[in-house]
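J.: So I've got this file, query_29.cif, and it contains mmCIF, C-alpha atoms:
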```cif
data_entry
#
loop_
_atom_site.label_atom_id
_atom_site.label_comp_id
_atom_site.auth_asym_id
_atom_site.auth_seq_id
_atom_site.Cartn_x
_atom_site.Cartn_y
_atom_site.Cartn_z
CA MET A 145 102.66 124.41 78.38
CA THR A 146 105.47 126.91 77.82
CA VAL A 147 109.05 125.94 77.00
CA VAL A 148 111.42 127.58 79.50
CA TYR A 149 114.70 125.83 78.55
CA GLU A 150 115.88 123.71 75.64
CA ASP A 151 119.16 122.35 74.28
CA ASN A 152 120.17 119.27 72.25
CA HIS A 153 119.56 116.85 75.12
CA ILE A 154 116.82 118.21 77.38
CA ILE A 155 113.70 120.34 77.26
CA ILE A 156 112.07 121.88 80.34
CA VAL A 157 108.47 123.09 80.20
CA ASN A 158 106.15 124.98 82.54
CA LYS A 159 103.00 122.87 82.67
CA THR A 160 99.54 124.13 83.48
CA ALA A 161 97.55 122.52 86.27
CA SER A 162 95.22 120.63 83.93
CA GLU A 163 97.89 118.76 81.95
CA ILE A 164 98.96 115.18 82.65
CA VAL A 165 102.64 114.34 82.21
CA GLN A 166 102.12 110.78 80.92
CA GLY A 167 99.14 108.99 79.42
CA ASP A 168 96.63 107.50 81.88
CA LYS A 169 93.18 105.89 81.88
CA THR A 170 91.48 109.23 81.10
CA GLY A 171 92.81 109.02 77.56
CA ASP A 172 93.64 112.74 77.63
CA ILE A 173 96.61 113.84 75.53
CA PRO A 174 99.65 113.82 77.86
CA LEU A 175 102.27 116.54 78.06
CA SER A 176 104.90 114.13 76.68
CA GLU A 177 102.90 113.97 73.41
CA THR A 178 102.47 117.76 73.30
CA VAL A 179 106.26 118.15 73.67
CA LYS A 180 106.83 115.58 70.89
CA GLN A 181 104.49 117.50 68.60
CA TYR A 182 106.22 120.78 69.46
CA LEU A 183 109.67 119.31 68.59
CA LYS A 184 108.34 117.66 65.42
CA GLU A 185 106.97 120.98 64.15
CA LYS A 186 109.85 123.17 65.35
CA TYR A 187 112.53 121.04 63.67
CA ASN A 188 110.35 119.71 60.85
CA LYS A 189 111.20 116.14 61.85
CA PRO A 190 109.80 113.21 59.91
CA GLY A 191 108.82 110.03 61.76
CA ASN A 192 108.98 109.50 65.50
CA VAL A 193 110.44 112.07 67.87
CA PHE A 194 112.11 110.84 71.08
CA VAL A 195 110.83 112.38 74.32
CA GLY A 196 111.74 110.65 77.58
CA VAL A 197 109.82 111.21 80.81
CA ALA A 198 112.32 111.56 83.67
CA HIS A 199 109.87 112.41 86.48
CA ARG A 200 106.20 113.20 87.13
CA LEU A 201 104.17 116.10 88.45
CA ASP A 202 100.65 115.46 89.77
CA ARG A 203 97.97 116.57 87.33
CA PRO A 204 96.52 119.41 89.49
CA VAL A 205 100.02 120.83 90.12
CA SER A 206 101.63 123.43 87.83
CA GLY A 207 105.26 124.15 87.11
CA LEU A 208 108.49 122.68 85.78
CA VAL A 209 108.77 119.29 84.13
CA VAL A 210 112.09 118.06 82.69
CA PHE A 211 112.03 115.85 79.59
CA ALA A 212 114.92 114.15 77.79
CA LYS A 213 115.41 114.56 74.04
CA THR A 214 117.93 111.71 73.80
CA SER A 215 118.08 108.25 75.35
CA LYS A 216 121.54 109.05 76.75
CA ALA A 217 120.14 112.08 78.61
CA LEU A 218 117.12 110.07 79.80
CA SER A 219 119.13 107.28 81.43
CA ARG A 220 121.35 109.83 83.20
CA LEU A 221 118.39 111.97 84.30
CA ASN A 222 116.64 108.86 85.66
CA GLU A 223 119.70 108.13 87.79
CA MET A 224 119.93 111.74 88.95
CA PHE A 225 116.27 111.86 90.02
CA LYS A 226 116.67 108.51 91.79
CA ASN A 227 119.72 109.80 93.69
CA SER A 228 118.08 113.15 94.57
CA GLU A 229 120.67 115.04 92.49
CA VAL A 230 117.95 117.19 90.91
CA LYS A 231 116.97 119.92 93.38
CA LYS A 232 113.33 120.96 93.15
CA THR A 233 111.76 123.93 94.92
CA TYR A 234 108.00 124.38 95.10
CA TRP A 235 105.69 127.21 96.10
CA ALA A 236 102.45 126.37 97.89
CA ILE A 237 99.51 128.55 98.93
CA ILE A 238 97.93 127.69 102.29
CA LYS A 239 95.15 129.21 104.40
CA THR A 240 96.43 128.29 107.86
CA PRO A 241 99.91 129.60 108.70
CA PRO A 242 102.47 127.14 110.10
CA LYS A 243 103.35 127.46 113.80
CA GLU A 244 107.02 128.01 112.92
CA ILE A 245 108.09 130.34 110.09
CA GLU A 246 110.63 127.77 108.89
CA GLY A 247 111.23 124.11 109.59
CA GLU A 248 111.96 120.58 108.44
CA LEU A 249 109.22 117.97 108.26
CA ILE A 250 110.11 114.30 108.65
CA ASN A 251 107.32 111.77 108.27
CA TYR A 252 106.84 108.19 107.16
CA LEU A 253 104.44 107.92 104.24
CA VAL A 254 102.32 104.93 103.34
CA ARG A 255 100.87 104.93 99.84
CA ASN A 256 97.35 103.61 99.24
CA ASP A 257 97.11 102.87 95.51
CA ARG A 258 93.38 102.17 95.57
CA GLN A 259 92.66 105.66 96.93
CA ASN A 260 95.63 107.25 95.09
CA LYS A 261 96.56 108.85 98.39
CA SER A 262 99.42 108.78 100.91
CA TYR A 263 99.15 108.80 104.70
CA ALA A 264 101.76 110.41 106.95
CA HIS A 265 102.97 108.88 110.22
CA ASP A 266 105.34 110.27 112.84
CA GLN A 267 107.11 106.93 113.28
CA GLU A 268 108.17 104.22 110.88
CA VAL A 269 105.34 101.79 110.16
CA SER A 270 104.89 98.80 107.85
CA ASN A 271 105.48 99.67 104.15
CA SER A 272 106.31 103.30 104.98
CA LYS A 273 108.93 105.43 103.23
CA LYS A 274 110.79 108.25 104.94
CA ALA A 275 109.82 111.68 103.60
CA ILE A 276 111.77 114.87 104.31
CA LEU A 277 111.12 118.43 103.21
CA HIS A 278 112.16 121.89 104.32
CA TYR A 279 109.61 124.71 104.28
CA ARG A 280 109.84 128.47 104.74
CA LEU A 281 107.13 131.10 104.93
CA ILE A 282 108.00 133.63 102.20
CA GLY A 283 104.84 135.67 101.59
CA LYS A 284 101.39 136.61 102.80
CA SER A 285 98.28 138.20 101.35
CA GLU A 286 94.98 139.24 102.86
CA ASN A 287 93.68 135.66 103.09
CA TYR A 288 96.56 133.30 102.36
CA TYR A 289 100.18 132.42 103.06
CA LEU A 290 102.93 131.41 100.62
CA LEU A 291 105.40 128.66 101.48
CA GLU A 292 108.63 127.78 99.70
CA ILE A 293 109.39 124.07 99.89
CA ASP A 294 112.65 122.25 99.19
CA LEU A 295 112.13 118.54 98.68
CA LYS A 296 114.77 116.26 100.16
CA THR A 297 113.00 113.06 99.07
CA GLY A 298 110.53 112.39 96.28
CA ARG A 299 107.54 110.44 97.59
CA HIS A 300 104.01 110.04 96.25
CA HIS A 301 102.00 113.22 97.03
CA GLN A 302 104.74 114.10 99.53
CA ILE A 303 104.24 117.87 99.83
CA ARG A 304 100.45 117.60 99.82
CA CYS A 305 100.49 114.90 102.49
CA GLN A 306 103.13 116.40 104.77
CA LEU A 307 101.67 119.92 104.74
CA ALA A 308 98.23 118.49 105.55
CA LYS A 309 99.75 116.50 108.41
CA MET A 310 101.24 119.78 109.73
CA GLY A 311 97.73 121.30 109.67
CA CYS A 312 98.35 123.42 106.55
CA PRO A 313 96.60 121.73 103.59
CA ILE A 314 97.24 123.31 100.19
CA LYS A 315 94.51 125.59 98.83
CA GLY A 316 92.12 123.60 96.64
CA ASP A 317 93.42 120.18 97.73
CA LEU A 318 90.19 118.42 98.79
CA LYS A 319 91.95 115.03 98.90
CA TYR A 320 94.19 116.26 101.71
CA GLY A 321 91.68 118.21 103.74
CA PHE A 322 91.26 121.67 102.21
CA PRO A 323 87.54 122.53 102.56
CA ARG A 324 86.94 123.88 99.03
CA SER A 325 88.18 122.98 95.56
CA ASN A 326 89.57 125.53 93.11
CA PRO A 327 87.21 126.36 90.24
CA ASP A 328 89.63 124.97 87.63
CA GLY A 329 90.34 121.75 89.54
CA SER A 330 93.92 122.79 90.30
CA ILE A 331 95.63 122.84 93.66
CA CYS A 332 97.86 125.81 94.58
CA LEU A 333 101.16 123.96 94.33
CA HIS A 334 103.72 125.11 91.77
CA ALA A 335 107.08 123.56 90.84
CA ARG A 336 108.93 126.89 90.84
CA TYR A 337 112.67 126.11 90.48
CA VAL A 338 114.80 123.21 89.30
CA ARG A 339 118.60 122.96 89.67
CA PHE A 340 120.93 120.21 88.46
CA VAL A 341 124.18 119.47 86.69
CA HIS A 342 123.45 118.90 82.99
CA PRO A 343 123.56 115.13 82.29
CA VAL A 344 125.76 115.58 79.20
CA SER A 345 127.52 118.99 79.22
CA LYS A 346 127.98 118.95 83.03
CA GLU A 347 127.06 122.64 83.22
CA GLN A 348 124.98 123.87 86.15
CA ILE A 349 121.36 124.35 85.01
CA GLU A 350 118.98 126.50 87.04
CA VAL A 351 115.50 127.27 85.73
CA ALA A 352 112.51 129.15 87.17
CA ALA A 353 108.87 128.86 86.12
CA PRO A 354 106.65 131.96 86.25
CA VAL A 355 103.75 131.47 88.66
CA PRO A 356 100.23 130.91 87.26
CA GLU A 357 98.43 134.04 86.13
CA GLY A 358 95.78 135.69 88.27
CA ASN A 359 95.42 137.79 91.39
CA LEU A 360 95.86 134.89 93.79
CA TRP A 361 99.51 134.15 92.94
CA GLN A 362 100.37 137.78 92.19
CA GLY A 363 98.87 139.17 95.38
CA PHE A 364 101.54 138.20 97.92
CA GLN A 365 103.61 140.60 99.95
CA MET A 366 106.98 138.87 100.12
CA ILE A 367 108.44 138.57 103.60
#
```
Re-express the file's structure as structure tokens.
T.:
Amino acid sequence: MTVVYEDNHIIIVNKTASEIVQGDKTGDIPLSETVKQYLKEKYNKPGNVFVGVAHRLDRPVSGLVVFAKTSKALSRLNEMFKNSEVKKTYWAIIKTPPKEIEGELINYLVRNDRQNKSYAHDQEVSNSKKAILHYRLIGKSENYYLLEIDLKTGRHHQIRCQLAKMGCPIKGDLKYGFPRSNPDGSICLHARYVRFVHPVSKEQIEVAAPVPEGNLWQGFQMI
């Protein structure tokens, strides 16, 4: 992880694709603990350090994760994420170009917890949640296309599921129909920008995360 923004109330980090945000059954050290350790060492803090998880990012996805450093900031951030007041923009690499250069996708997603997967439907069905995103083709390379995605709702695996439904699965995403995995187990989805009004100071915060290193992400001709 790399810290890209920090003040008294929040810390925003750029996570790598292998890191988990919160502890799970793998027992791997979560990002929340890494951030705690970073703060403990940076400020030479004795005892417990408070780090609140305001939202998640799937393990194989890279990019921005916002943490709270105070309980006051955490409760406000939780509300803001719930009310879609935090604007998140993602970049995704796909092999098959979309039919339209730009568009809005509206689907109804049903989550299957056993498979840890969501299924997209065109119409409302039992237990479905409405999912909306806006995409735009912003770059192309010899073999791939780069999409910029603005999330309007925050559903389980929403971008992965909706892009696959459109016929454009994300590079490396075997679960949603891409034919080959990436060597490092990542998928080519990156939380690139985050914008919100600071929960305490009320200033406008806008942060960008550099894309992962390597020729793949660097090789796009922007449109």
J.: For the file shown, what are the residues hit by the PyMOL selection byres ((chain A and resi 299) around 10), laid out as a JSON list (two decimals) with C-alpha atoms, in the frame of the given file?
T.:
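File written: result.json
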```
[["chain", "number", "residue", "atom", "x", "y", "z"],
["A", 252, "TYR", "CA", 106.84, 108.19, 107.16],
["A", 253, "LEU", "CA", 104.44, 107.92, 104.24],
["A", 254, "VAL", "CA", 102.32, 104.93, 103.34],
["A", 255, "ARG", "CA", 100.87, 104.93, 99.84],
["A", 262, "SER", "CA", 99.42, 108.78, 100.91],
["A", 273, "LYS", "CA", 108.93, 105.43, 103.23],
["A", 274, "LYS", "CA", 110.79, 108.25, 104.94],
["A", 275, "ALA", "CA", 109.82, 111.68, 103.60],
["A", 276, "ILE", "CA", 111.77, 114.87, 104.31],
["A", 295, "LEU", "CA", 112.13, 118.54, 98.68],
["A", 296, "LYS", "CA", 114.77, 116.26, 100.16],
["A", 297, "THR", "CA", 113.00, 113.06, 99.07],
["A", 298, "GLY", "CA", 110.53, 112.39, 96.28],
["A", 300, "HIS", "CA", 104.01, 110.04, 96.25],
["A", 301, "HIS", "CA", 102.00, 113.22, 97.03],
["A", 302, "GLN", "CA", 104.74, 114.10, 99.53],
["A", 303, "ILE", "CA", 104.24, 117.87, 99.83],
["A", 305, "CYS", "CA", 100.49, 114.90, 102.49]]
```
J.: With distances taken over only C-alpha atoms, which residue among A:Thr170, A:Ser325, A:Ser176, A:Ser270 lies nearest Met145 in chain A?
T.: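 Nearest candidate to Met145 in chain A out of A:Thr170, A:Ser325, A:Ser176, A:Ser270: A:Ser176.
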J.: Record the distance separating CA of Lys319 in chain A and CA of Glu292 in chain A, expressed in Å with one decimal.
T.: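 The value is 21.0 Å.
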J.: With a distance cut-off of 6 Å and only C-alpha atoms, select the neighbouring residues of Ile154 in chain A, excluding the residue or stretch itself and same-chain residues fewer than 4 positions from it, and output the selection as number ranges by chain.
T.: A: 150, 211-213
J.: What lies within 8 Å of Lys315 in chain A using only C-alpha atoms, ignoring chain neighbours under 3 positions off, as number ranges by chain?
T.: A: 237-239, 322, 324-326, 331-332
J.: Care to translate the PyMOL selection byres ((chain A and resi 214-222) around 6) into actual residues of this file, as an MDAnalysis selection string?
T.: chainID A and resid 153 196 198 212:213 223:225 343
J.: Might you spell out which residues the PyMOL selection byres ((chain A and resi 312) around 9) would select in the displayed file, as JSON, numbers by chain?
T.: {"A": [238, 239, 240, 241, 242, 306, 307, 308, 309, 310, 311, 313, 314, 315, 321, 322]}
J.: Using all atoms listed in the file, which residue out of A:Leu281, A:Val147, A:Asp317, A:His265 lies closest to Lys243 in chain A?
T.: A:Leu281
J.: Do you have the CA of Met366 in chain A-CA of Trp235 in chain A distance handy?
T.: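 Taking CA of Met366 in chain A as the start and CA of Trp235 in chain A as the end point, the length is 12.4 Å.
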J.: Provide the CA of Glu163 in chain A to CA of Val210 in chain A distance in Å, to one decimal place.
T.: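 CA of Glu163 in chain A sits 14.2 Å away from CA of Val210 in chain A.
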J.: Pick the closest to Tyr320 in chain A from A:Ile293, A:Val157, A:Ala264, A:Ile245: which is it, counting only C-alpha atoms?
T.: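 Result for the nearest residue to Tyr320 in chain A: A:Ala264.
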J.: Please determine, counting all atoms listed in the file, which residue among A:His334, A:Tyr182, A:Lys232, A:Pro174 has the shortest atom-to-atom distance to Ile155 in chain A.
T.: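 Once distances to Ile155 in chain A are computed over all atoms listed in the file, the minimum belongs to A:Tyr182.
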